[in-house]
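Listing of work08.pdb, PDB, C-alpha atoms
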ATOM      1  CA  MET A  64      96.646 123.364 146.177
ATOM      2  CA  ALA A  65      95.041 121.004 143.654
ATOM      3  CA  ASP A  66      92.036 118.936 144.648
ATOM      4  CA  LYS A  67      93.347 115.387 144.853
ATOM      5  CA  HIS A  68      89.847 113.997 144.341
ATOM      6  CA  HIS A  69      89.362 115.832 141.058
ATOM      7  CA  PRO A  70      92.682 115.970 139.193
ATOM      8  CA  LYS A  71      91.105 115.744 135.703
ATOM      9  CA  ARG A  72      87.927 114.624 133.989
ATOM     10  CA  GLY A  73      89.331 112.615 131.106
ATOM     11  CA  SER A  74      89.135 108.827 130.911
ATOM     12  CA  MET A  75      92.161 106.629 130.269
ATOM     13  CA  GLY A  76      89.811 104.161 128.626
ATOM     14  CA  TYR A  77      89.978 106.200 125.429
ATOM     15  CA  SER A  78      93.763 106.566 125.388
ATOM     16  CA  PRO A  79      95.870 106.882 123.328
ATOM     17  CA  ARG A  80      93.864 109.780 121.911
ATOM     18  CA  LYS A  81      95.244 109.768 118.414
ATOM     19  CA  ARG A  82      93.760 110.058 114.961
ATOM     20  CA  ALA A  83      91.969 107.043 113.514
ATOM     21  CA  LYS A  84      93.794 105.066 110.834
ATOM     22  CA  GLY A  85      91.187 105.964 108.235
ATOM     23  CA  HIS A  86      87.700 107.311 107.686
ATOM     24  CA  ILE A  87      86.178 103.802 107.600
ATOM     25  CA  GLY A  88      85.269 102.399 111.015
ATOM     26  CA  ARG A  89      86.331  98.861 111.866
ATOM     27  CA  PHE A  90      84.299  96.214 113.675
ATOM     28  CA  SER A  91      86.375  93.969 115.923
ATOM     29  CA  SER A  92      83.513  91.522 116.547
ATOM     30  CA  TRP A  93      80.201  90.364 115.104
ATOM     31  CA  PRO A  94      77.259  88.867 117.029
ATOM     32  CA  GLU A  95      76.200  85.283 116.445
ATOM     33  CA  VAL A  96      72.688  85.257 114.963
ATOM     34  CA  GLU A  97      70.902  81.965 114.309
ATOM     35  CA  GLY A  98      68.294  81.332 111.645
ATOM     36  CA  GLU A  99      68.234  81.985 107.922
ATOM     37  CA  PRO A 100      71.355  83.474 106.301
ATOM     38  CA  ARG A 101      71.428  87.262 106.012
ATOM     39  CA  ILE A 102      73.897  90.130 105.972
ATOM     40  CA  GLN A 103      74.833  91.566 109.350
ATOM     41  CA  GLY A 104      75.925  95.036 108.341
ATOM     42  CA  PHE A 105      75.498  97.988 106.015
ATOM     43  CA  ALA A 106      76.900 101.479 105.471
ATOM     44  CA  GLY A 107      75.698 104.948 104.586
ATOM     45  CA  TYR A 108      76.695 108.592 104.658
ATOM     46  CA  LYS A 109      75.650 110.996 107.397
ATOM     47  CA  VAL A 110      73.378 113.774 106.145
ATOM     48  CA  GLY A 111      72.485 115.798 109.222
ATOM     49  CA  MET A 112      69.991 116.145 112.063
ATOM     50  CA  THR A 113      66.455 117.371 112.530
ATOM     51  CA  HIS A 114      63.651 116.724 115.016
ATOM     52  CA  ALA A 115      60.464 114.685 114.913
ATOM     53  CA  PHE A 116      57.308 114.087 116.952
ATOM     54  CA  ILE A 117      56.731 110.421 117.800
ATOM     55  CA  ARG A 118      54.555 108.338 120.098
ATOM     56  CA  ASP A 119      56.984 107.436 122.880
ATOM     57  CA  TYR A 120      57.623 103.690 122.508
ATOM     58  CA  ARG A 121      59.700 103.396 125.714
ATOM     59  CA  LYS A 122      57.429 101.697 128.263
ATOM     60  CA  GLU A 123      59.544 102.690 131.268
ATOM     61  CA  SER A 124      59.659 106.350 130.254
ATOM     62  CA  THR A 125      57.614 108.933 132.150
ATOM     63  CA  THR A 126      56.177 110.003 128.784
ATOM     64  CA  ALA A 127      55.327 106.482 127.589
ATOM     65  CA  GLY A 128      52.506 106.550 125.059
ATOM     66  CA  GLN A 129      52.598 110.335 124.761
ATOM     67  CA  GLU A 130      53.696 112.444 121.823
ATOM     68  CA  VAL A 131      57.238 113.705 122.387
ATOM     69  CA  SER A 132      59.780 115.678 120.380
ATOM     70  CA  ILE A 133      63.075 113.877 119.810
ATOM     71  CA  PRO A 134      66.305 114.568 117.883
ATOM     72  CA  VAL A 135      66.891 112.316 114.879
ATOM     73  CA  THR A 136      69.796 111.749 112.509
ATOM     74  CA  ILE A 137      69.311 111.200 108.784
ATOM     75  CA  ILE A 138      71.709 108.859 106.944
ATOM     76  CA  GLU A 139      71.622 108.347 103.178
ATOM     77  CA  VAL A 140      71.978 104.664 102.288
ATOM     78  CA  PRO A 141      72.226 103.932  98.555
ATOM     79  CA  ALA A 142      72.532 100.294  97.517
ATOM     80  CA  MET A 143      75.877  98.574  98.066
ATOM     81  CA  LYS A 144      77.559  96.098  95.714
ATOM     82  CA  VAL A 145      79.004  92.741  96.756
ATOM     83  CA  VAL A 146      82.257  92.221  94.868
ATOM     84  CA  ALA A 147      83.751  89.183  96.624
ATOM     85  CA  VAL A 148      83.335  86.389  99.161
ATOM     86  CA  ARG A 149      86.052  85.790 101.728
ATOM     87  CA  LEU A 150      86.418  82.633 103.834
ATOM     88  CA  TYR A 151      88.237  82.500 107.167
ATOM     89  CA  ARG A 152      89.854  79.661 109.077
ATOM     90  CA  MET A 153      90.916  79.510 112.706
ATOM     91  CA  THR A 154      94.621  79.424 113.597
ATOM     92  CA  VAL A 155      96.545  79.695 116.845
ATOM     93  CA  TYR A 156      96.792  83.425 116.137
ATOM     94  CA  GLY A 157      93.062  83.888 115.515
ATOM     95  CA  LEU A 158      91.070  84.165 112.297
ATOM     96  CA  GLU A 159      93.089  84.054 109.088
ATOM     97  CA  SER A 160      91.927  84.682 105.537
ATOM     98  CA  MET A 161      91.660  81.329 103.782
ATOM     99  CA  THR A 162      90.612  82.279 100.244
ATOM    100  CA  GLU A 163      88.409  84.741  98.407
ATOM    101  CA  PHE A 164      86.417  84.801  95.177
ATOM    102  CA  TRP A 165      85.856  88.037  93.239
ATOM    103  CA  THR A 166      83.244  88.939  90.679
ATOM    104  CA  LYS A 167      84.184  89.769  87.105
ATOM    105  CA  LYS A 168      81.852  92.795  87.081
ATOM    106  CA  LEU A 169      83.881  95.497  88.819
ATOM    107  CA  ASP A 170      83.417  99.251  88.500
ATOM    108  CA  LYS A 171      86.383 101.162  87.150
ATOM    109  CA  GLU A 172      86.300 103.491  90.179
ATOM    110  CA  LEU A 173      87.150 100.543  92.439
ATOM    111  CA  GLY A 174      90.616 100.393  90.887
ATOM    112  CA  ASN A 175      91.443 103.698  92.570
ATOM    113  CA  ARG A 176      90.826 102.139  95.987
ATOM    114  CA  VAL A 177      92.186  98.569  95.821
ATOM    115  CA  MET A 178      94.319  96.423  93.541
ATOM    116  CA  ILE A 179      91.896  94.599  91.257
ATOM    117  CA  PRO A 180      93.028  90.992  90.650
ATOM    118  CA  ASN A 181      94.019  90.193  87.067
ATOM    119  CA  LYS A 182      92.697  86.645  87.219
ATOM    120  CA  VAL A 183      89.429  85.816  88.950
ATOM    121  CA  LYS A 184      88.834  82.363  90.425
ATOM    122  CA  SER A 185      85.897  80.467  89.028
ATOM    123  CA  LEU A 186      82.925  80.272  91.370
ATOM    124  CA  LYS A 187      82.741  76.559  90.614
ATOM    125  CA  LYS A 188      85.785  76.097  92.859
ATOM    126  CA  LEU A 189      83.754  77.557  95.709
ATOM    127  CA  ASP A 190      81.654  74.380  95.773
ATOM    128  CA  LYS A 191      84.785  72.277  96.285
ATOM    129  CA  ILE A 192      85.825  74.068  99.477
ATOM    130  CA  ASP A 193      86.210  71.809 102.520
ATOM    131  CA  LEU A 194      83.758  73.358 104.975
ATOM    132  CA  SER A 195      85.416  71.599 107.904
ATOM    133  CA  GLU A 196      88.251  74.136 107.627
ATOM    134  CA  VAL A 197      85.983  77.177 107.291
ATOM    135  CA  GLU A 198      85.367  79.137 110.497
ATOM    136  CA  ASP A 199      83.590  82.235 109.178
ATOM    137  CA  ILE A 200      82.104  83.581 105.948
ATOM    138  CA  ARG A 201      82.045  87.235 104.964
ATOM    139  CA  VAL A 202      81.472  89.260 101.832
ATOM    140  CA  ILE A 203      83.418  92.254 100.576
ATOM    141  CA  ALA A 204      80.994  95.053  99.766
ATOM    142  CA  VAL A 205      81.545  98.526  98.337
ATOM    143  CA  THR A 206      79.508 101.699  98.605
ATOM    144  CA  GLN A 207      78.373 103.763  95.624
ATOM    145  CA  PRO A 208      79.063 107.431  96.467
ATOM    146  CA  LYS A 209      78.689 108.351  92.799
ATOM    147  CA  LEU A 210      74.916 108.064  93.316
ATOM    148  CA  ILE A 211      74.980 110.757  96.014
ATOM    149  CA  THR A 212      75.103 114.395  94.969
ATOM    150  CA  GLY A 213      76.175 115.531  98.442
ATOM    151  CA  ILE A 214      79.378 113.428  98.429
ATOM    152  CA  PRO A 215      82.111 114.942  96.224
ATOM    153  CA  LYS A 216      83.770 111.655  95.278
ATOM    154  CA  LYS A 217      83.272 108.612  93.074
ATOM    155  CA  VAL A 218      85.776 106.203  94.612
ATOM    156  CA  PRO A 219      83.860 103.591  96.660
ATOM    157  CA  ASP A 220      84.576 102.624 100.254
ATOM    158  CA  VAL A 221      85.408  98.937 100.764
ATOM    159  CA  MET A 222      84.436  96.893 103.824
ATOM    160  CA  GLU A 223      83.602  93.399 105.066
ATOM    161  CA  LEU A 224      80.103  92.287 106.034
ATOM    162  CA  ARG A 225      79.514  89.059 107.915
ATOM    163  CA  ILE A 226      76.926  86.499 106.805
ATOM    164  CA  SER A 227      74.936  85.092 109.733
ATOM    165  CA  GLY A 228      73.023  81.828 109.922
ATOM    166  CA  SER A 229      72.794  78.434 111.576
ATOM    167  CA  ASP A 230      74.091  76.218 108.763
ATOM    168  CA  LEU A 231      77.519  76.868 107.249
ATOM    169  CA  LYS A 232      76.573  75.407 103.856
ATOM    170  CA  GLU A 233      73.513  77.667 103.621
ATOM    171  CA  ARG A 234      75.627  80.680 104.545
ATOM    172  CA  LEU A 235      78.106  79.837 101.795
ATOM    173  CA  ASP A 236      75.364  79.412  99.192
ATOM    174  CA  PHE A 237      73.780  82.685 100.289
ATOM    175  CA  ALA A 238      77.090  84.539  99.981
ATOM    176  CA  LYS A 239      77.719  82.965  96.585
ATOM    177  CA  GLY A 240      74.360  84.225  95.356
ATOM    178  CA  LEU A 241      75.234  87.792  96.378
ATOM    179  CA  ILE A 242      78.437  88.064  94.334
ATOM    180  CA  GLY A 243      78.125  90.805  91.733
ATOM    181  CA  LYS A 244      74.687  91.902  92.969
ATOM    182  CA  GLU A 245      73.384  94.897  94.886
ATOM    183  CA  ILE A 246      72.167  94.757  98.474
ATOM    184  CA  LYS A 247      69.796  97.285 100.021
ATOM    185  CA  ILE A 248      69.223  98.565 103.530
ATOM    186  CA  ASN A 249      65.987  96.549 103.757
ATOM    187  CA  ASP A 250      68.076  93.373 103.446
ATOM    188  CA  PHE A 251      69.737  94.267 106.739
ATOM    189  CA  VAL A 252      67.283  96.060 109.047
ATOM    190  CA  ALA A 253      63.615  97.040 109.362
ATOM    191  CA  ASP A 254      61.732  99.869 111.060
ATOM    192  CA  GLY A 255      61.883  99.812 114.860
ATOM    193  CA  GLN A 256      64.923  97.538 115.161
ATOM    194  CA  MET A 257      68.137  98.235 117.061
ATOM    195  CA  ILE A 258      71.567  98.527 115.455
ATOM    196  CA  ASP A 259      75.118  99.365 116.470
ATOM    197  CA  ILE A 260      76.725 102.335 114.738
ATOM    198  CA  ILE A 261      80.427 102.950 114.219
ATOM    199  CA  ALA A 262      81.925 106.125 112.772
ATOM    200  CA  ILE A 263      84.864 108.499 113.043
ATOM    201  CA  THR A 264      84.138 111.569 115.150
ATOM    202  CA  LYS A 265      84.614 115.184 114.088
ATOM    203  CA  GLY A 266      88.259 116.225 114.057
ATOM    204  CA  LYS A 267      89.214 119.150 116.317
ATOM    205  CA  GLY A 268      92.954 119.209 115.645
ATOM    206  CA  PHE A 269      95.664 119.911 118.229
ATOM    207  CA  GLN A 270      94.088 121.293 121.411
ATOM    208  CA  GLY A 271      95.244 122.216 124.898
ATOM    209  CA  ALA A 272      94.819 120.287 128.118
ATOM    210  CA  PRO A 273      91.646 122.076 129.365
ATOM    211  CA  LYS A 274      89.689 121.207 126.214
ATOM    212  CA  ARG A 275      91.259 117.778 125.825
ATOM    213  CA  TRP A 276      91.035 116.582 129.430
ATOM    214  CA  GLY A 277      88.725 119.026 131.193
ATOM    215  CA  ILE A 278      91.296 120.171 133.755
ATOM    216  CA  LYS A 279      90.743 123.338 135.747
ATOM    217  CA  LEU A 280      92.548 126.565 134.915
ATOM    218  CA  LEU A 281      95.363 127.541 137.249
ATOM    219  CA  HIS A 282      95.163 130.600 139.504
ATOM    220  CA  HIS A 283      95.356 133.958 137.762
ATOM    221  CA  LYS A 284      98.615 134.707 139.596
ATOM    222  CA  ASP A 285     100.257 131.481 138.436
ATOM    223  CA  SER A 286     103.584 131.856 136.673
ATOM    224  CA  LYS A 287     103.360 132.465 132.914
ATOM    225  CA  HIS A 288     100.338 130.345 131.953
ATOM    226  CA  ARG A 289      96.956 129.159 133.237
ATOM    227  CA  ARG A 290      95.860 126.635 130.606
ATOM    228  CA  LYS A 291      98.320 123.932 131.591
ATOM    229  CA  VAL A 292      98.815 121.169 134.117
ATOM    230  CA  GLY A 293     100.289 122.258 137.445
ATOM    231  CA  ALA A 294     102.958 119.542 137.671
ATOM    232  CA  MET A 295     104.008 117.016 135.047
ATOM    233  CA  GLY A 296     105.189 114.447 137.578
ATOM    234  CA  PRO A 297     107.786 113.645 140.262
ATOM    235  CA  TRP A 298     111.564 113.797 139.991
ATOM    236  CA  ASN A 299     111.648 110.030 139.636
ATOM    237  CA  PRO A 300     110.898 108.255 137.357
ATOM    238  CA  HIS A 301     112.686 110.458 134.823
ATOM    239  CA  PHE A 302     109.897 110.505 132.262
ATOM    240  CA  VAL A 303     106.425 111.934 131.866
ATOM    241  CA  ARG A 304     103.787 109.316 132.649
ATOM    242  CA  ARG A 305     100.962 108.695 130.223
ATOM    243  CA  GLU A 306      98.363 109.605 132.857
ATOM    244  CA  VAL A 307      99.473 113.258 132.816
ATOM    245  CA  PRO A 308      96.883 115.380 130.960
ATOM    246  CA  LEU A 309      98.780 117.072 128.136
ATOM    247  CA  ALA A 310      97.868 118.855 124.925
ATOM    248  CA  GLY A 311      97.379 116.814 121.771
ATOM    249  CA  GLN A 312      94.929 115.500 119.204
ATOM    250  CA  VAL A 313      91.215 115.955 119.850
ATOM    251  CA  GLY A 314      88.586 114.326 117.660
ATOM    252  CA  TYR A 315      88.795 112.093 114.584
ATOM    253  CA  HIS A 316      88.584 109.047 116.844
ATOM    254  CA  GLN A 317      86.740 105.814 116.110
ATOM    255  CA  ARG A 318      83.664 105.429 118.296
ATOM    256  CA  THR A 319      80.979 102.728 118.514
ATOM    257  CA  GLU A 320      77.486 103.508 119.782
ATOM    258  CA  TYR A 321      75.352 100.577 120.878
ATOM    259  CA  ASN A 322      71.600 100.106 120.510
ATOM    260  CA  LYS A 323      70.496 102.919 118.226
ATOM    261  CA  ARG A 324      66.841 102.660 117.201
ATOM    262  CA  VAL A 325      65.948 102.790 113.492
ATOM    263  CA  LEU A 326      62.758 104.848 113.392
ATOM    264  CA  ARG A 327      62.050 104.828 109.681
ATOM    265  CA  ILE A 328      63.487 103.701 106.359
ATOM    266  CA  GLY A 329      62.447 105.835 103.402
ATOM    267  CA  GLU A 330      62.858 105.605  99.648
ATOM    268  CA  ASP A 331      61.971 109.151  98.578
ATOM    269  CA  GLY A 332      64.258 111.928  99.740
ATOM    270  CA  ALA A 333      61.682 114.598  98.910
ATOM    271  CA  GLU A 334      59.662 113.732 102.018
ATOM    272  CA  ILE A 335      62.596 114.432 104.326
ATOM    273  CA  ASN A 336      64.583 117.192 102.565
ATOM    274  CA  PRO A 337      64.342 120.565 104.362
ATOM    275  CA  ASP A 338      63.909 123.825 102.508
ATOM    276  CA  GLY A 339      67.277 124.671 100.977
ATOM    277  CA  GLY A 340      68.684 121.211 101.688
ATOM    278  CA  PHE A 341      70.713 119.939 104.625
ATOM    279  CA  LEU A 342      73.617 122.083 105.788
ATOM    280  CA  HIS A 343      77.001 121.070 104.339
ATOM    281  CA  TYR A 344      75.323 118.236 102.435
ATOM    282  CA  GLY A 345      72.501 119.185 100.087
ATOM    283  CA  GLU A 346      69.473 117.123  99.152
ATOM    284  CA  ILE A 347      68.818 113.403  99.502
ATOM    285  CA  ARG A 348      68.141 111.491  96.278
ATOM    286  CA  ASN A 349      68.529 107.899  97.508
ATOM    287  CA  PRO A 350      67.037 105.687 100.240
ATOM    288  CA  TRP A 351      67.583 107.034 103.742
ATOM    289  CA  VAL A 352      67.446 105.924 107.373
ATOM    290  CA  MET A 353      66.170 107.915 110.345
ATOM    291  CA  VAL A 354      67.945 107.022 113.608
ATOM    292  CA  HIS A 355      66.880 108.104 117.101
ATOM    293  CA  GLY A 356      69.495 110.422 118.613
ATOM    294  CA  SER A 357      72.885 111.557 117.428
ATOM    295  CA  VAL A 358      75.551 109.760 115.401
ATOM    296  CA  PRO A 359      79.330 110.383 115.544
ATOM    297  CA  GLY A 360      81.027 112.288 112.752
ATOM    298  CA  SER A 361      80.450 115.254 110.510
ATOM    299  CA  ALA A 362      78.169 115.568 107.513
ATOM    300  CA  LYS A 363      79.223 113.393 104.528
ATOM    301  CA  ARG A 364      81.076 111.004 106.861
ATOM    302  CA  LEU A 365      80.792 107.260 106.302
ATOM    303  CA  VAL A 366      78.675 105.518 108.955
ATOM    304  CA  ARG A 367      78.664 101.742 109.388
ATOM    305  CA  PHE A 368      75.846  99.624 110.829
ATOM    306  CA  ARG A 369      75.944  96.237 112.565
ATOM    307  CA  ASP A 370      73.565  93.894 114.361
ATOM    308  CA  PRO A 371      73.507  94.801 118.087
ATOM    309  CA  THR A 372      76.075  92.903 120.150
ATOM    310  CA  ARG A 373      74.720  94.078 123.537
ATOM    311  CA  PHE A 374      71.020  94.338 122.849
ATOM    312  CA  ARG A 375      69.105  96.178 125.550
ATOM    313  CA  GLY A 376      65.564  97.447 125.423
ATOM    314  CA  GLU A 377      62.438  96.127 123.780
ATOM    315  CA  ALA A 378      61.784  95.073 120.232
ATOM    316  CA  VAL A 379      59.126  97.386 118.838
ATOM    317  CA  GLY A 380      57.422  97.378 115.499
ATOM    318  CA  GLU A 381      56.886 100.381 113.305
ATOM    319  CA  VAL A 382      57.261 103.580 115.343
ATOM    320  CA  GLU A 383      54.375 106.044 115.090
ATOM    321  CA  ILE A 384      55.810 109.299 113.697
ATOM    322  CA  SER A 385      53.373 112.196 113.437
ATOM    323  CA  TYR A 386      55.711 114.957 112.254
ATOM    324  CA  VAL A 387      59.232 115.408 110.880
ATOM    325  CA  SER A 388      60.647 118.917 110.670
ATOM    326  CA  THR A 389      61.531 119.991 107.125
ATOM    327  CA  ALA A 390      62.008 123.644 108.021
ATOM    328  CA  SER A 391      65.043 125.373 106.564
ATOM    329  CA  LYS A 392      68.267 124.781 108.500
ATOM    330  CA  GLN A 393      69.901 127.873 107.000
ATOM    331  CA  GLY A 394      70.958 130.386 109.628
ATOM    332  CA  THR A 395      70.411 128.047 112.570
TER
END
Let me see the file written as structure tokens.
Amino acid sequence: MADKHHPKRGSMGYSPRKRAKGHIGRFSSWPEVEGEPRIQGFAGYKVGMTHAFIRDYRKESTTAGQEVSIPVTIIEVPAMKVVAVRLYRMTVYGLESMTEFWTKKLDKELGNRVMIPNKVKSLKKLDKIDLSEVEDIRVIAVTQPKLITGIPKKVPDVMELRISGSDLKERLDFAKGLIGKEIKINDFVADGQMIDIIAITKGKGFQGAPKRWGIKLLHHKDSKHRRKVGAMGPWNPHFVRREVPLAGQVGYHQRTEYNKRVLRIGEDGAEINPDGGFLHYGEIRNPWVMVHGSVPGSAKRLVRFRDPTRFRGEAVGEVEISYVSTASKQGT
């Protein structure tokens, strides 16, 4: 007889467990940050993991102030390009795109991703916008994978980045000044700060119920199979309920991880590249970010950053790092 207190280990909070719509994660909300205008997001490509020795900055930890070994994730973050400004207005159905202004300097590779407008609005019209109708200001930025040797593609990834600030006019002027220019990771975050990370997890394909839901195997004398659910439901209702743990897609889901600490931002990849390069990636030749802990997704996967929406912890300055492993990852 099944244990009624432990029918399965899966959570319905992640259902339906289906493949993400694309490889680019989507933010459904942005935090309100007062002060001077600045970008609230960035993106990079996951390189791999290694370990480092740091002075434990967590005051409540039992090893506070001591040297500890921690896992770290390396993400390559070449400069992004701002290609447009998009304004939003509030309607009864939520935010709606009001208008957008594109730059005339567009890379030819961008045409393989989006429809490039034939006629570009003059930026002078941006000054005539009635700010009383504007609810939010964002920029459309693109990555530059052609600068990365470990990414076998040239077509950029397109995404929106919100512009924060206290004054709407200053935010608009700041966004206008970014059109057609490059933005770097230092424009978004500094060493020791917290960020939210969103990415698409590793895809596992079609898997059975034990791997997908963590159910127990049936008795060895059960009829025909063991790796299945004992009963799919009652006689009535005449359909299988969604709570029944069945086989299906595992992995390639969008996941958001809150409050990931940026340990270091580097410019030279030579100081972080292991012997023989990172597995399934190669060597870093652009600016990079070292994040405490793991990050969803496989190597070469796009990873998006955002200002923390549920900030917890303490703001620390530059983290003291005494050693970063650059030993060969081959054969591990």
Selection dump of the PyMOL selection byres ((chain A and resi 197-207) around 8), as a PyMOL selection string: chain A and resi 106-107+141-153+158+161+193-196+208-211+217-226+234-235+238
Please check which residues have atoms at most 12 Å from (90.0, 121.6, 126.3) in the file's coordinates, counting all atoms listed in the file, and write them as a PDB file with C-alpha atoms, keeping the file's coordinate frame.
ATOM      1  CA  LYS A  71      91.105 115.744 135.703  1.00  0.00           C
ATOM      2  CA  ARG A  72      87.927 114.624 133.989  1.00  0.00           C
ATOM      3  CA  GLY A  73      89.331 112.615 131.106  1.00  0.00           C
ATOM      4  CA  LYS A 267      89.214 119.150 116.317  1.00  0.00           C
ATOM      5  CA  GLY A 268      92.954 119.209 115.645  1.00  0.00           C
ATOM      6  CA  PHE A 269      95.664 119.911 118.229  1.00  0.00           C
ATOM      7  CA  GLN A 270      94.088 121.293 121.411  1.00  0.00           C
ATOM      8  CA  GLY A 271      95.244 122.216 124.898  1.00  0.00           C
ATOM      9  CA  ALA A 272      94.819 120.287 128.118  1.00  0.00           C
ATOM     10  CA  PRO A 273      91.646 122.076 129.365  1.00  0.00           C
ATOM     11  CA  LYS A 274      89.689 121.207 126.214  1.00  0.00           C
ATOM     12  CA  ARG A 275      91.259 117.778 125.825  1.00  0.00           C
ATOM     13  CA  TRP A 276      91.035 116.582 129.430  1.00  0.00           C
ATOM     14  CA  GLY A 277      88.725 119.026 131.193  1.00  0.00           C
ATOM     15  CA  ILE A 278      91.296 120.171 133.755  1.00  0.00           C
ATOM     16  CA  LYS A 279      90.743 123.338 135.747  1.00  0.00           C
ATOM     17  CA  LEU A 280      92.548 126.565 134.915  1.00  0.00           C
ATOM     18  CA  ARG A 290      95.860 126.635 130.606  1.00  0.00           C
ATOM     19  CA  LYS A 291      98.320 123.932 131.591  1.00  0.00           C
ATOM     20  CA  VAL A 292      98.815 121.169 134.117  1.00  0.00           C
ATOM     21  CA  PRO A 308      96.883 115.380 130.960  1.00  0.00           C
ATOM     22  CA  LEU A 309      98.780 117.072 128.136  1.00  0.00           C
ATOM     23  CA  ALA A 310      97.868 118.855 124.925  1.00  0.00           C
ATOM     24  CA  GLY A 311      97.379 116.814 121.771  1.00  0.00           C
ATOM     25  CA  GLN A 312      94.929 115.500 119.204  1.00  0.00           C
ATOM     26  CA  VAL A 313      91.215 115.955 119.850  1.00  0.00           C
ATOM     27  CA  GLY A 314      88.586 114.326 117.660  1.00  0.00           C
TER      28      GLY A 314
END
Given the file above and the PyMOL selection byres ((chain A and resi 184) around 9), which residues are selected, and can you give them as a PyMOL selection string? chain A and resi 163-166+182-183+185-189
Give the answer as one residue: which of A:Tyr321, A:Phe251, A:His114, A:Pro359 has the shortest atom-to-atom distance to Gly266 in chain A, using all atoms listed in the file? A:Pro359
Give as a ChimeraX atom specification the set of residues within 8 Å of the point (61.7, 116.4, 105.1), where distances use the file's coordinates and only C-alpha atoms. /A:332-337,387-390
For this file, the PyMOL selection byres ((chain A and resi 252) around 12) selects which residues, as a PyMOL selection string? chain A and resi 101-106+140+246-251+253-259+323-328+352-354+368-371+380
Output C-alpha atoms for every residue in that selection, as a short mmCIF file (atom, residue, chain, number, x, y, z; two decimals), in the frame of the given file.
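So out38.cif came out as:
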data_model
loop_
_atom_site.label_atom_id
_atom_site.label_comp_id
_atom_site.auth_asym_id
_atom_site.auth_seq_id
_atom_site.Cartn_x
_atom_site.Cartn_y
_atom_site.Cartn_z
CA ARG A 101 71.43 87.26 106.01
CA ILE A 102 73.90 90.13 105.97
CA GLN A 103 74.83 91.57 109.35
CA GLY A 104 75.92 95.04 108.34
CA PHE A 105 75.50 97.99 106.02
CA ALA A 106 76.90 101.48 105.47
CA VAL A 140 71.98 104.66 102.29
CA ILE A 246 72.17 94.76 98.47
CA LYS A 247 69.80 97.28 100.02
CA ILE A 248 69.22 98.56 103.53
CA ASN A 249 65.99 96.55 103.76
CA ASP A 250 68.08 93.37 103.45
CA PHE A 251 69.74 94.27 106.74
CA ALA A 253 63.62 97.04 109.36
CA ASP A 254 61.73 99.87 111.06
CA GLY A 255 61.88 99.81 114.86
CA GLN A 256 64.92 97.54 115.16
CA MET A 257 68.14 98.24 117.06
CA ILE A 258 71.57 98.53 115.46
CA ASP A 259 75.12 99.36 116.47
CA LYS A 323 70.50 102.92 118.23
CA ARG A 324 66.84 102.66 117.20
CA VAL A 325 65.95 102.79 113.49
CA LEU A 326 62.76 104.85 113.39
CA ARG A 327 62.05 104.83 109.68
CA ILE A 328 63.49 103.70 106.36
CA VAL A 352 67.45 105.92 107.37
CA MET A 353 66.17 107.92 110.34
CA VAL A 354 67.94 107.02 113.61
CA PHE A 368 75.85 99.62 110.83
CA ARG A 369 75.94 96.24 112.56
CA ASP A 370 73.56 93.89 114.36
CA PRO A 371 73.51 94.80 118.09
CA GLY A 380 57.42 97.38 115.50
#
Please, what is the axis-aligned box for every listed atom of range 171-187 of chain A with 6 Å on each side, as centre and edge lengths in Å to one decimal, as lines of an AutoDock Vina configuration file?
center_x = 88.5
center_y = 90.1
center_z = 91.5
size_x = 23.6
size_y = 39.1
size_z = 20.9
Separation of CA of Val307 in chain A and CA of His288 in chain A, in Å?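 For CA of Val307 in chain A relative to CA of His288 in chain A, the distance reads 17.1 Å.
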Would you pick out the contacts of Gly88 in chain A at 10 Å or less, using all atoms listed in the file, so that residues sharing its chain but fewer than 5 positions from it are not included, and give the list as a tab-separated table (two decimals) with C-alpha atoms, in the frame of the given file?
chain	number	residue	atom	x	y	z
A	83	ALA	CA	91.97	107.04	113.51
A	222	MET	CA	84.44	96.89	103.82
A	260	ILE	CA	76.72	102.34	114.74
A	261	ILE	CA	80.43	102.95	114.22
A	262	ALA	CA	81.92	106.12	112.77
A	263	ILE	CA	84.86	108.50	113.04
A	316	HIS	CA	88.58	109.05	116.84
A	317	GLN	CA	86.74	105.81	116.11
A	318	ARG	CA	83.66	105.43	118.30
A	319	THR	CA	80.98	102.73	118.51
A	365	LEU	CA	80.79	107.26	106.30
A	366	VAL	CA	78.68	105.52	108.96
A	367	ARG	CA	78.66	101.74	109.39
A	368	PHE	CA	75.85	99.62	110.83
What gap, in Å, lies between CA of Lys244 in chain A and CA of Lys168 in chain A? 9.3 Å
Calculated over all atoms listed in the file, which of the candidates A:Thr113, A:Gly360, A:Arg305, A:Thr372 has the smallest distance to Met75 in chain A?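 Among A:Thr113, A:Gly360, A:Arg305, A:Thr372, it is A:Arg305 that comes nearest to Met75 in chain A.
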For a test of reading the model, state the distance in Å between CA of Leu169 in chain A and CA of Lys232 in chain A, rounded to one decimal.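 Going from CA of Leu169 in chain A over to CA of Lys232 in chain A, I get 26.1 Å.
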